[in-house]
>>> print(open('coords01.csv').read())   # CSV, C-alpha atoms
chain,number,residue,atom,x,y,z
A,535,MET,CA,83.2,4.6,99.8
A,536,SER,CA,81.5,7.3,97.8
A,537,ILE,CA,79.2,6.4,94.9
A,538,GLU,CA,79.6,8.5,91.7
A,539,ARG,CA,76.4,10.6,91.3
A,540,VAL,CA,74.4,11.1,88.2
A,541,LYS,CA,74.4,14.9,87.9
A,542,THR,CA,71.4,16.7,86.6
A,543,GLY,CA,73.4,19.7,85.5
A,544,ILE,CA,71.0,21.9,87.3
A,545,LYS,CA,72.8,24.5,89.3
A,546,GLY,CA,71.7,24.2,92.9
A,547,LEU,CA,69.8,21.0,92.5
A,548,ASP,CA,72.8,18.8,92.4
A,549,GLU,CA,74.0,20.4,95.6
A,550,MET,CA,70.6,19.7,97.2
A,551,LEU,CA,71.0,16.0,96.0
A,552,ARG,CA,74.5,15.9,97.5
A,553,GLY,CA,76.1,15.6,94.1
A,554,GLY,CA,73.2,14.3,91.9
A,555,PHE,CA,70.9,11.3,91.8
A,556,LEU,CA,72.2,7.9,92.8
A,557,PRO,CA,72.9,5.8,89.7
A,558,GLU,CA,70.3,3.3,88.5
A,559,THR,CA,67.5,5.0,90.4
A,560,ALA,CA,64.0,6.2,89.4
A,561,ASN,CA,63.4,9.8,90.4
A,562,MET,CA,60.0,11.5,90.3
A,563,VAL,CA,59.5,15.2,89.7
A,564,GLU,CA,56.0,16.3,90.6
A,565,GLY,CA,54.4,19.7,89.9
A,566,ALA,CA,51.5,21.7,88.5
A,567,PRO,CA,51.4,22.7,84.8
A,568,GLY,CA,54.1,25.2,84.0
A,569,THR,CA,56.3,24.5,87.0
A,570,GLY,CA,59.1,23.1,84.8
A,571,LYS,CA,58.9,19.3,85.2
A,572,THR,CA,59.5,18.6,81.6
A,573,THR,CA,62.2,21.3,81.4
A,574,LEU,CA,64.0,19.7,84.4
A,575,GLY,CA,63.8,16.3,82.7
A,576,MET,CA,65.1,17.7,79.4
A,577,GLN,CA,67.9,19.4,81.2
A,578,PHE,CA,68.8,16.1,82.9
A,579,ILE,CA,68.8,14.4,79.5
A,580,HIS,CA,70.8,17.1,77.7
A,581,HIS,CA,73.4,17.3,80.5
A,582,GLY,CA,73.9,13.5,80.3
A,583,ILE,CA,74.5,13.8,76.5
A,584,GLN,CA,77.1,16.5,77.2
A,585,LEU,CA,78.8,13.9,79.5
A,586,GLY,CA,78.6,11.2,76.8
A,587,GLU,CA,75.6,9.5,78.2
A,588,PRO,CA,72.9,9.0,75.5
A,589,GLY,CA,69.3,9.7,76.5
A,590,LEU,CA,65.8,8.4,75.7
A,591,ILE,CA,62.6,10.5,76.2
A,592,ILE,CA,59.4,8.6,76.3
A,593,THR,CA,56.5,10.9,75.9
A,594,PHE,CA,52.8,10.1,76.4
A,595,GLU,CA,51.5,13.5,75.5
A,596,GLN,CA,53.8,15.9,73.6
A,597,PHE,CA,54.9,15.3,70.0
A,598,PRO,CA,58.7,15.2,69.3
A,599,GLU,CA,58.3,18.4,67.4
A,600,GLN,CA,57.2,20.2,70.6
A,601,PHE,CA,60.2,18.8,72.4
A,602,TYR,CA,62.5,20.1,69.6
A,603,HIS,CA,60.9,23.5,69.8
A,604,ASN,CA,60.9,23.7,73.6
A,605,ALA,CA,64.4,22.5,74.0
A,606,MET,CA,65.7,24.9,71.3
A,607,ALA,CA,64.4,27.8,73.5
A,608,PHE,CA,67.2,26.7,76.0
A,609,GLY,CA,69.7,26.3,73.2
A,610,TRP,CA,69.5,22.5,73.3
A,611,ASN,CA,69.3,21.1,69.7
A,612,PHE,CA,67.4,17.9,70.3
A,613,ALA,CA,66.7,17.3,66.6
A,614,GLU,CA,70.4,17.4,65.9
A,615,LEU,CA,71.2,15.2,68.8
A,616,GLU,CA,68.7,12.6,67.5
A,617,LYS,CA,70.4,12.7,64.1
A,618,GLN,CA,73.7,12.1,65.9
A,619,GLY,CA,72.3,9.0,67.6
A,620,LEU,CA,72.7,10.5,71.1
A,621,LEU,CA,69.0,11.0,71.8
A,622,LYS,CA,65.8,9.3,70.9
A,623,ILE,CA,62.3,10.8,71.5
A,624,VAL,CA,59.5,8.2,71.4
A,625,MET,CA,55.9,9.2,71.5
A,626,THR,CA,53.7,6.4,72.5
A,627,SER,CA,51.0,5.4,75.0
A,628,PRO,CA,51.4,3.9,78.5
A,629,GLU,CA,49.7,0.7,77.4
A,630,VAL,CA,52.0,0.1,74.5
A,631,SER,CA,55.2,1.1,76.2
A,632,ARG,CA,54.4,-1.2,79.1
A,633,LEU,CA,53.8,-4.1,76.8
A,634,ASP,CA,56.9,-3.2,74.8
A,635,ILE,CA,59.2,-2.9,77.8
A,636,GLU,CA,58.0,-6.3,79.2
A,637,SER,CA,58.5,-8.0,75.8
A,638,ILE,CA,61.9,-9.5,74.8
A,639,ASP,CA,63.6,-7.5,72.2
A,640,GLY,CA,61.0,-4.8,72.2
A,641,MET,CA,61.6,-1.3,70.7
A,642,VAL,CA,62.7,0.2,74.1
A,643,GLU,CA,65.1,-2.6,74.8
A,644,LYS,CA,66.6,-2.5,71.3
A,645,THR,CA,67.0,1.3,71.6
A,646,ILE,CA,68.7,1.0,75.0
A,647,ARG,CA,71.1,-1.7,73.8
A,648,GLU,CA,71.9,-0.2,70.4
A,649,MET,CA,72.4,3.4,71.6
A,650,GLY,CA,73.8,2.6,75.0
A,651,ILE,CA,71.1,4.7,76.7
A,652,GLN,CA,72.0,5.7,80.3
A,653,ARG,CA,69.4,8.3,81.0
A,654,VAL,CA,65.6,8.2,80.5
A,655,MET,CA,62.8,10.7,81.0
A,656,VAL,CA,59.2,9.5,81.0
A,657,ASP,CA,56.7,12.4,80.5
A,658,SER,CA,54.4,11.8,82.3
A,659,MET,CA,53.7,8.9,84.6
A,660,SER,CA,50.3,10.4,85.4
A,661,HIS,CA,49.0,8.8,82.2
A,662,PHE,CA,49.5,5.4,83.7
A,663,SER,CA,46.4,6.0,85.8
A,664,ARG,CA,44.3,5.3,82.7
A,665,LEU,CA,45.6,1.7,82.6
A,666,SER,CA,43.7,0.6,85.7
A,667,GLN,CA,41.2,1.9,88.2
A,668,ASP,CA,42.4,-0.6,90.8
A,669,PRO,CA,45.2,1.0,92.9
A,670,VAL,CA,46.8,-2.4,93.6
A,671,GLU,CA,47.0,-3.3,89.9
A,672,LEU,CA,48.2,0.2,89.0
A,673,ARG,CA,51.0,0.0,91.6
A,674,SER,CA,52.1,-3.4,90.2
A,675,LEU,CA,52.1,-2.0,86.6
A,676,GLU,CA,54.1,1.1,87.6
A,677,PHE,CA,56.5,-1.0,89.7
A,678,SER,CA,57.2,-3.3,86.8
A,679,PHE,CA,57.7,-0.3,84.4
A,680,ILE,CA,60.0,1.6,86.7
A,681,ASN,CA,62.1,-1.6,87.4
A,682,ALA,CA,62.6,-2.3,83.7
A,683,PHE,CA,64.8,0.8,83.5
A,684,LYS,CA,66.8,-0.3,86.6
A,685,ARG,CA,67.2,-3.7,85.0
A,686,TYR,CA,69.2,-1.9,82.2
A,687,GLY,CA,71.2,0.1,84.7
A,688,ILE,CA,69.5,3.4,83.7
A,689,THR,CA,68.8,6.5,85.8
A,690,SER,CA,65.4,7.8,85.1
A,691,ILE,CA,63.4,10.9,85.7
A,692,LEU,CA,59.6,10.4,85.8
A,693,THR,CA,57.4,13.5,85.7
A,694,HIS,CA,54.1,13.5,87.5
A,695,GLU,CA,51.4,16.0,87.2
A,696,SER,CA,49.9,17.7,90.3
A,697,PRO,CA,46.4,19.0,89.9
A,698,ILE,CA,47.0,21.6,92.6
A,699,PHE,CA,48.5,24.9,91.4
A,700,MET,CA,49.2,26.3,94.9
A,701,GLY,CA,48.9,24.9,98.4
A,702,GLU,CA,49.8,21.7,100.1
A,703,SER,CA,48.9,18.5,98.3
A,704,ALA,CA,50.4,15.2,99.1
A,705,SER,CA,50.6,13.1,96.0
A,706,ASN,CA,47.7,10.7,95.9
A,707,SER,CA,49.6,8.4,93.5
A,708,VAL,CA,51.2,5.2,94.8
A,709,ILE,CA,54.2,6.0,92.5
A,710,SER,CA,55.7,8.2,95.2
A,711,PHE,CA,56.2,5.1,97.3
A,712,LEU,CA,57.9,3.3,94.4
A,713,VAL,CA,60.5,5.8,93.3
A,714,ASP,CA,63.9,6.4,94.9
A,715,SER,CA,63.7,10.1,95.0
A,716,TYR,CA,60.8,12.6,95.0
A,717,ILE,CA,61.2,16.2,94.0
A,718,ILE,CA,58.3,18.6,94.4
A,719,LEU,CA,57.8,21.8,92.4
A,720,ARG,CA,55.3,24.3,93.6
A,721,TYR,CA,53.9,27.8,92.9
A,722,VAL,CA,54.2,30.2,95.8
A,723,GLU,CA,52.6,33.6,96.1
A,724,PHE,CA,54.0,36.5,98.1
A,725,GLU,CA,54.4,40.2,97.6
A,726,SER,CA,51.8,40.1,94.7
A,727,MET,CA,54.1,37.8,92.7
A,728,ILE,CA,54.2,34.1,91.8
A,729,HIS,CA,57.4,32.4,92.7
A,730,LYS,CA,58.5,28.8,92.2
A,731,ALA,CA,59.7,26.6,95.0
A,732,LEU,CA,61.5,23.3,94.9
A,733,LEU,CA,61.9,20.7,97.6
A,734,VAL,CA,63.6,17.3,97.7
A,735,LEU,CA,61.1,15.4,99.8
A,736,LYS,CA,62.7,12.0,99.6
A,737,MET,CA,65.9,10.4,98.5
A,738,ARG,CA,66.5,6.7,99.3
A,739,GLY,CA,70.0,5.8,100.4
A,740,SER,CA,71.3,9.3,100.6
A,741,ASP,CA,71.2,12.5,102.6
A,742,HIS,CA,69.7,15.5,100.8
A,743,ALA,CA,68.9,19.1,101.5
A,744,LYS,CA,65.7,19.6,103.5
A,745,ASP,CA,65.2,23.2,102.8
A,746,ILE,CA,62.7,24.7,100.3
A,747,ARG,CA,64.4,26.7,97.6
A,748,GLN,CA,63.3,29.2,95.1
A,749,TYR,CA,64.1,28.4,91.4
A,750,ASN,CA,63.7,30.2,88.1
A,751,ILE,CA,63.4,28.9,84.5
A,752,THR,CA,66.0,30.9,82.7
A,753,GLN,CA,67.2,30.9,79.1
A,754,GLN,CA,69.7,28.3,80.2
A,755,GLY,CA,67.2,26.1,81.9
A,756,ILE,CA,66.3,25.7,85.5
A,757,GLU,CA,68.4,27.5,88.1
A,758,VAL,CA,67.9,26.7,91.8
A,759,GLN,CA,68.6,29.6,94.1
A,760,ALA,CA,68.9,30.2,97.8
A,761,LYS,CA,66.3,28.9,100.2
A,762,PHE,CA,63.3,31.0,101.2
A,763,GLU,CA,64.6,33.1,104.1
A,764,GLY,CA,62.4,34.5,106.8
A,765,ARG,CA,59.2,32.8,105.6
A,766,GLU,CA,57.2,29.9,106.6
A,767,GLY,CA,54.3,28.0,105.2
A,768,ILE,CA,55.9,28.0,101.8
A,769,LEU,CA,54.2,24.8,100.6
A,770,SER,CA,50.8,26.2,101.6
A,771,GLY,CA,51.3,28.5,98.6
A,772,HIS,CA,50.8,31.6,100.7
A,773,PRO,CA,53.9,31.9,102.9
A,774,ARG,CA,54.0,34.4,105.8
A,775,ARG,CA,56.9,36.3,107.2
A,776,MET,CA,58.2,34.5,110.2
A,777,ALA,CA,58.1,37.8,112.2
A,778,ASN,CA,54.4,38.1,111.6
A,779,SER,CA,53.7,34.6,112.7
A,780,PHE,CA,55.8,35.2,115.8
A,781,VAL,CA,53.7,38.2,116.6
A,782,GLU,CA,50.5,36.3,116.0
A,783,ALA,CA,51.7,33.4,118.1
A,784,PHE,CA,53.2,35.2,121.1
A,785,VAL,CA,52.6,39.0,121.1
A,786,LYS,CA,48.9,39.1,120.2
A,787,ARG,CA,47.9,36.7,122.9
B,930,MET,CA,49.9,17.7,36.2
B,931,SER,CA,52.8,15.8,34.7
B,932,ASP,CA,55.9,17.6,36.2
B,933,MET,CA,55.9,15.4,39.3
B,934,SER,CA,58.7,12.7,39.5
B,935,PRO,CA,57.3,9.3,38.4
B,936,ASP,CA,58.3,7.7,41.8
B,937,LEU,CA,56.4,10.4,43.7
B,938,LEU,CA,53.4,10.2,41.4
B,939,ASP,CA,53.3,6.5,41.8
B,940,PHE,CA,53.6,6.9,45.6
B,941,ILE,CA,50.7,9.3,45.7
B,942,LYS,CA,48.5,7.3,43.3
B,943,ASN,CA,49.1,3.9,44.8
B,944,LYS,CA,50.1,4.4,48.4
B,945,ILE,CA,48.8,7.7,49.7
B,946,ASN,CA,45.5,7.6,47.8
B,947,SER,CA,43.3,9.0,50.6
B,948,PHE,CA,43.4,12.0,52.9
B,949,ILE,CA,43.6,9.8,56.0
B,950,LYS,CA,46.6,8.0,54.6
B,951,TRP,CA,48.1,11.4,53.9
B,952,ASP,CA,47.6,12.3,57.6
B,953,LEU,CA,49.1,9.0,58.7
B,954,VAL,CA,52.1,9.3,56.6
B,955,LYS,CA,52.7,12.8,57.8
B,956,PHE,CA,52.2,11.7,61.4
B,957,PHE,CA,54.8,8.9,61.1
B,958,TYR,CA,57.2,11.2,59.3
B,959,GLN,CA,57.0,13.6,62.2
B,960,ASN,CA,57.0,10.8,64.8
B,961,PRO,CA,59.3,8.1,63.2
B,962,ASN,CA,59.8,6.4,66.6
B,963,THR,CA,56.2,5.9,67.4
B,964,THR,CA,54.8,2.5,67.8
B,965,ASP,CA,51.1,2.4,68.8
B,966,THR,CA,47.7,1.0,68.5
B,967,ALA,CA,45.1,2.1,65.8
B,968,GLU,CA,43.0,3.6,68.6
B,969,ASN,CA,45.8,5.8,69.9
B,970,ILE,CA,47.1,6.8,66.4
B,971,ALA,CA,43.6,7.8,65.5
B,972,LYS,CA,43.5,10.1,68.6
B,973,TYR,CA,46.9,11.6,67.7
B,974,ILE,CA,45.8,12.6,64.2
B,975,GLY,CA,42.2,13.5,65.4
B,976,ARG,CA,40.4,11.0,63.2
B,977,ASN,CA,37.9,8.2,63.7
B,978,GLU,CA,39.4,4.9,64.8
B,979,GLU,CA,37.4,2.7,62.3
B,980,SER,CA,38.5,4.6,59.3
B,981,VAL,CA,42.1,4.9,60.5
B,982,GLN,CA,42.3,1.1,61.2
B,983,SER,CA,41.5,0.1,57.6
B,984,GLU,CA,43.9,2.8,56.2
B,985,LEU,CA,46.7,1.6,58.6
B,986,GLU,CA,46.2,-1.9,57.3
B,987,THR,CA,46.4,-0.8,53.6
B,988,LEU,CA,49.6,1.1,54.4
B,989,VAL,CA,51.0,-2.1,56.0
B,990,ASP,CA,50.0,-4.0,52.8
B,991,ASN,CA,51.9,-1.4,50.8
B,992,LYS,CA,54.9,-1.7,53.0
B,993,VAL,CA,54.8,1.9,54.2
B,994,LEU,CA,54.0,0.8,57.8
B,995,PHE,CA,55.0,-2.2,59.8
B,996,ARG,CA,52.5,-4.2,61.9
B,997,ALA,CA,53.6,-6.1,65.1
B,998,LEU,CA,51.9,-8.0,67.9
B,999,LEU,CA,52.7,-6.9,71.4
B,1000,GLY,CA,51.1,-9.6,73.6
B,1001,GLN,CA,47.5,-9.5,72.2
B,1002,THR,CA,47.8,-5.9,71.0
B,1003,ILE,CA,48.3,-5.0,67.3
B,1004,VAL,CA,50.7,-2.0,67.0
B,1005,TYR,CA,51.9,0.0,64.0
B,1006,SER,CA,55.2,1.7,63.3
B,1007,LEU,CA,57.0,3.2,60.3
B,1008,ALA,CA,58.6,0.6,58.0
B,1009,ASN,CA,62.4,0.6,58.1
B,1010,ASP,CA,62.8,0.4,54.3
B,1011,LYS,CA,65.1,3.2,53.3
B,1012,THR,CA,63.5,3.8,49.8
B,1013,THR,CA,60.1,4.2,51.4
B,1014,ARG,CA,61.4,6.5,54.0
B,1015,ALA,CA,63.1,8.6,51.4
B,1016,LEU,CA,59.9,8.8,49.3
B,1017,ILE,CA,57.9,9.8,52.4
B,1018,GLU,CA,60.5,12.6,53.1
B,1019,GLN,CA,60.3,13.7,49.5
B,1020,PHE,CA,56.5,13.8,49.6
B,1021,ILE,CA,56.3,15.7,52.9
B,1022,GLN,CA,58.9,18.2,51.9
B,1023,ALA,CA,57.2,18.7,48.5
B,1024,CYS,CA,53.9,19.3,50.4
B,1025,GLY,CA,55.4,22.6,51.5
B,1026,ASP,CA,54.7,23.9,48.0
B,1027,ARG,CA,51.1,24.9,47.4
B,1028,HIS,CA,51.2,23.9,43.7
B,1029,PHE,CA,52.4,20.4,44.6
B,1030,ARG,CA,49.7,20.1,47.2
B,1031,ILE,CA,47.0,21.0,44.6
B,1032,LYS,CA,48.4,18.3,42.3
B,1033,ALA,CA,48.5,15.7,45.1
B,1034,VAL,CA,44.9,16.5,46.0
B,1035,TYR,CA,43.9,16.3,42.4
B,1036,HIS,CA,45.4,12.8,42.1
B,1037,ILE,CA,43.8,11.6,45.3
B,1038,LEU,CA,40.3,12.9,44.3
B,1039,ARG,CA,40.7,11.5,40.8
B,1040,GLY,CA,41.7,8.1,42.2
B,1041,ARG,CA,38.5,8.0,44.2
B,1042,GLY,CA,36.6,8.2,40.9
>>> encode(input="coords01.csv", output="C-alpha cells")
Amino acid sequence: MSIERVKTGIKGLDEMLRGGFLPETANMVEGAPGTGKTTLGMQFIHHGIQLGEPGLIITFEQFPEQFYHNAMAFGWNFAELEKQGLLKIVMTSPEVSRLDIESIDGMVEKTIREMGIQRVMVDSMSHFSRLSQDPVELRSLEFSFINAFKRYGITSILTHESPIFMGESASNSVISFLVDSYIILRYVEFESMIHKALLVLKMRGSDHAKDIRQYNITQQGIEVQAKFEGREGILSGHPRRMANSFVEAFVKR
Amino acid sequence: MSDMSPDLLDFIKNKINSFIKWDLVKFFYQNPNTTDTAENIAKYIGRNEESVQSELETLVDNKVLFRALLGQTIVYSLANDKTTRALIEQFIQACGDRHFRIKAVYHILRGRG
C-alpha cells in the first residue's frame, strides 16, 4: 500500500524524496546563510496552499513584511494569501511559542483548528538553543515542540542554521536525531564558481535518493538539477574531478 | 492642527501619547499575529525593556493591546476589537503623510507638557 506523499512542489526534490515527504512528519532543512532554507520552506508552504492545504509560518527572526517581500520575488503573494485566510505568518520567540503550543487553546492551536492548517514552517529551530544550555533539556524541549505539530496531523519543515559555509560539518544539534527527514544544503566551489548542493541525508520510513545534486534558486523558487557527475568530495566544499583523484591514488604511486 | 478626524485626534492624544507607544502600535500593526513578552517586544522595536513594559501596560489599560498569561509568563498581543484595529490602520496609513506626522508629533509633545 502506497502512502500519499506531501509534495514540496520543488522540481527534483520530490523525486529525491520518492514523491514528497511522508505525511505528518517533521523535516529539517539545514544550511548556511543564503543557501535557500527559508525559500525552500516558503515554496513548500506556497505549494501546499495551491493544493488547498493552508499553511502557517512561525518565524523567530524575520518580520512578516520581509516574508511578503521575499516571497513576492518568486511571484508568491503571501500578503494576499493571509488576507484570504490561507496563510498565517506569526513572528514570535521560541520561549513563547513553546509555552503557547503546550497550552490548551493557545494561539497556535486555535489557528491550526480555525484555518485547517496542514503545513507548517518554523524558521529557524536554531533559536531554540537559547532556551537551555543543557543538551538533555534542550532535546526534550525540541522533542515536545516538534511532536505538537504531529499531534495535529501536520507536516512541518524546520529550518536549521549551519555556521559552516563550505566543507563537511555534521550538525551538532540533537534535533537531527528527532526529525523524520534531514536535508542538507551546502555551498560547493569548483571552476572558480560557487555552486549549491543538496543532499537528503535521512528519511525515516522511506527510500530516498542518496546522490548529491546541484540546485539553483531561480525566479520560480528552488530547482533541483542533476547530480554532480564526475566529481567527488562534494560535501568537503572543494570537490575534485574523479579522474584526478584516480591519478593521485593509482598512477602517481 | 484642527483638520484631523476627532476619533484619530482622540486616539493620538489619549492612547498613543508617547513615541514608544507609537513604535509599539506600528509594530503590532505590521505584526498583527505576534504574541510575545515585553523583553522580546522591546528587542523587536529596539527599545529599552523597562520603558516598553510600562507602555505596554498602558496600551493594555487602553484596550489597544491584550495581556495574557502563558504559564508564568506575561505576553502581549494586539487586541481583537475591530474599531481599535481600524483606528490603528487609519493612524499608520495617515503617518505616511509628512504633515500628519508633524501634527501627531505636536500633540504628543504637547501632551507631555
>>> residues_near_point(input="coords01.csv", point="(62.6, 22.9, 94.6)", cutoff="7 Å", atoms="all atoms listed in the file", output="PDB file with C-alpha atoms, keeping the file's coordinate frame")
ATOM      1  CA  ILE A 717      61.200  16.200  94.000  1.00  0.00           C
ATOM      2  CA  ILE A 718      58.300  18.600  94.400  1.00  0.00           C
ATOM      3  CA  LEU A 719      57.800  21.800  92.400  1.00  0.00           C
ATOM      4  CA  ALA A 731      59.700  26.600  95.000  1.00  0.00           C
ATOM      5  CA  LEU A 732      61.500  23.300  94.900  1.00  0.00           C
ATOM      6  CA  LEU A 733      61.900  20.700  97.600  1.00  0.00           C
ATOM      7  CA  VAL A 734      63.600  17.300  97.700  1.00  0.00           C
ATOM      8  CA  ILE A 746      62.700  24.700 100.300  1.00  0.00           C
ATOM      9  CA  ARG A 747      64.400  26.700  97.600  1.00  0.00           C
ATOM     10  CA  GLN A 748      63.300  29.200  95.100  1.00  0.00           C
ATOM     11  CA  TYR A 749      64.100  28.400  91.400  1.00  0.00           C
TER      12      TYR A 749
END
>>> closest_residue(input="coords01.csv", among="A:Glu538, A:Glu616, A:Glu695, A:Asp741", to="Tyr602 in chain A", atoms="all atoms listed in the file")
A:Glu616
>>> atom_distance(input="coords01.csv", atom1="CA of Asn969 in chain B", atom2="CA of Ser627 in chain A")
7.3 Å
>>> interface_residues(input="coords01.csv", of="chain A", to="chain B", cutoff="12 Å", atoms="all atoms listed in the file", output="PyMOL selection string")
chain A and resi 590-602+613+616+621-642+645
>>> atom_distance(input="coords01.csv", atom1="CA of Asn991 in chain B", atom2="CA of Pro935 in chain B")
17.2 Å
>>> residues_around(input="coords01.csv", residues="Arg1030 in chain B", least_positions_apart="3", cutoff="12 Å", atoms="all atoms listed in the file", output="list in words")
Met930, Met933, Ile941, Phe948, Trp951, Phe1020, Ile1021, Gln1022, Ala1023, Cys1024, Gly1025, Asp1026, Arg1027, Ala1033, Val1034, Tyr1035, His1036 and Ile1037 of chain B
>>> closest_residue(input="coords01.csv", among="A:Val722, A:Val713, A:Ile537, A:Val758", to="Leu735 in chain A", atoms="all atoms listed in the file")
A:Val713
>>> atom_distance(input="coords01.csv", atom1="CA of Gly582 in chain A", atom2="CA of Phe711 in chain A")
25.9 Å
>>> residues_near_point(input="coords01.csv", point="(55.5, 4.3, 55.8)", cutoff="8 Å", atoms="all atoms listed in the file", output="PDB file with C-alpha atoms, keeping the file's coordinate frame")
ATOM      1  CA  VAL B 954      52.100   9.300  56.600  1.00  0.00           C
ATOM      2  CA  PHE B 957      54.800   8.900  61.100  1.00  0.00           C
ATOM      3  CA  TYR B 958      57.200  11.200  59.300  1.00  0.00           C
ATOM      4  CA  LEU B 988      49.600   1.100  54.400  1.00  0.00           C
ATOM      5  CA  VAL B 989      51.000  -2.100  56.000  1.00  0.00           C
ATOM      6  CA  LYS B 992      54.900  -1.700  53.000  1.00  0.00           C
ATOM      7  CA  VAL B 993      54.800   1.900  54.200  1.00  0.00           C
ATOM      8  CA  LEU B 994      54.000   0.800  57.800  1.00  0.00           C
ATOM      9  CA  PHE B 995      55.000  -2.200  59.800  1.00  0.00           C
ATOM     10  CA  SER B1006      55.200   1.700  63.300  1.00  0.00           C
ATOM     11  CA  LEU B1007      57.000   3.200  60.300  1.00  0.00           C
ATOM     12  CA  ALA B1008      58.600   0.600  58.000  1.00  0.00           C
ATOM     13  CA  THR B1013      60.100   4.200  51.400  1.00  0.00           C
ATOM     14  CA  ARG B1014      61.400   6.500  54.000  1.00  0.00           C
ATOM     15  CA  ILE B1017      57.900   9.800  52.400  1.00  0.00           C
TER      16      ILE B1017
END
>>> closest_residue(input="coords01.csv", among="B:Ile1031, B:Leu1038, B:Leu937, B:Leu985", to="Ile949 in chain B", atoms="only C-alpha atoms")
B:Leu985
>>> closest_residue(input="coords01.csv", among="B:Lys942, B:Lys950, B:Lys1032, B:Thr1012", to="Gln982 in chain B", atoms="all atoms listed in the file")
B:Lys950
>>> closest_residue(input="coords01.csv", among="A:Lys644, A:Arg664, A:Arg653, A:Lys571", to="Glu587 in chain A", atoms="all atoms listed in the file")
A:Arg653
>>> residues_around(input="coords01.csv", residues="Gly589 in chain A", least_positions_apart="2", cutoff="12 Å", atoms="all atoms listed in the file", output="VMD selection string")
chain A and resid 575 to 587 591 to 592 612 615 to 616 618 to 624 642 645 to 656 688 to 691
>>> closest_residue(input="coords01.csv", among="B:Thr987, B:Ser934, B:Ala967, B:Asn977", to="Tyr1005 in chain B", atoms="only C-alpha atoms")
B:Ala967
>>> build_atoms(input="coords01.csv", residues="range 642-659 of chain A", atoms="N, CA and C atoms", output="CSV table (one decimal), keeping the file's coordinate frame")
chain,number,residue,atom,x,y,z
A,642,VAL,N,62.0,-0.5,73.0
A,642,VAL,CA,62.7,0.2,74.1
A,642,VAL,C,64.0,-0.5,74.4
A,643,GLU,N,63.9,-1.8,74.5
A,643,GLU,CA,65.1,-2.6,74.8
A,643,GLU,C,66.1,-2.5,73.7
A,644,LYS,N,65.7,-2.6,72.5
A,644,LYS,CA,66.6,-2.5,71.3
A,644,LYS,C,67.3,-1.1,71.3
A,645,THR,N,66.5,-0.1,71.6
A,645,THR,CA,67.0,1.3,71.6
A,645,THR,C,68.1,1.4,72.7
A,646,ILE,N,67.8,0.9,73.9
A,646,ILE,CA,68.7,1.0,75.0
A,646,ILE,C,70.0,0.3,74.7
A,647,ARG,N,69.9,-0.9,74.1
A,647,ARG,CA,71.1,-1.7,73.8
A,647,ARG,C,71.9,-1.1,72.7
A,648,GLU,N,71.2,-0.7,71.6
A,648,GLU,CA,71.9,-0.2,70.4
A,648,GLU,C,72.5,1.2,70.7
A,649,MET,N,71.8,2.1,71.4
A,649,MET,CA,72.4,3.4,71.6
A,649,MET,C,73.2,3.5,72.9
A,650,GLY,N,73.1,2.5,73.7
A,650,GLY,CA,73.8,2.6,75.0
A,650,GLY,C,73.2,3.7,75.9
A,651,ILE,N,71.9,3.7,75.9
A,651,ILE,CA,71.1,4.7,76.7
A,651,ILE,C,71.5,4.6,78.2
A,652,GLN,N,71.7,5.7,78.8
A,652,GLN,CA,72.0,5.7,80.3
A,652,GLN,C,71.1,6.6,81.1
A,653,ARG,N,70.3,7.4,80.3
A,653,ARG,CA,69.4,8.3,81.0
A,653,ARG,C,68.0,8.3,80.3
A,654,VAL,N,67.0,8.2,81.1
A,654,VAL,CA,65.6,8.2,80.5
A,654,VAL,C,64.7,9.2,81.2
A,655,MET,N,63.9,9.9,80.4
A,655,MET,CA,62.8,10.7,81.0
A,655,MET,C,61.5,10.1,80.5
A,656,VAL,N,60.6,9.9,81.4
A,656,VAL,CA,59.2,9.5,81.0
A,656,VAL,C,58.3,10.7,81.4
A,657,ASP,N,57.5,11.2,80.4
A,657,ASP,CA,56.7,12.4,80.5
A,657,ASP,C,55.3,12.1,80.0
A,658,SER,N,54.3,11.9,80.9
A,658,SER,CA,54.4,11.8,82.3
A,658,SER,C,53.8,10.5,82.8
A,659,MET,N,54.2,10.1,84.0
A,659,MET,CA,53.7,8.9,84.6
A,659,MET,C,52.2,9.0,84.9
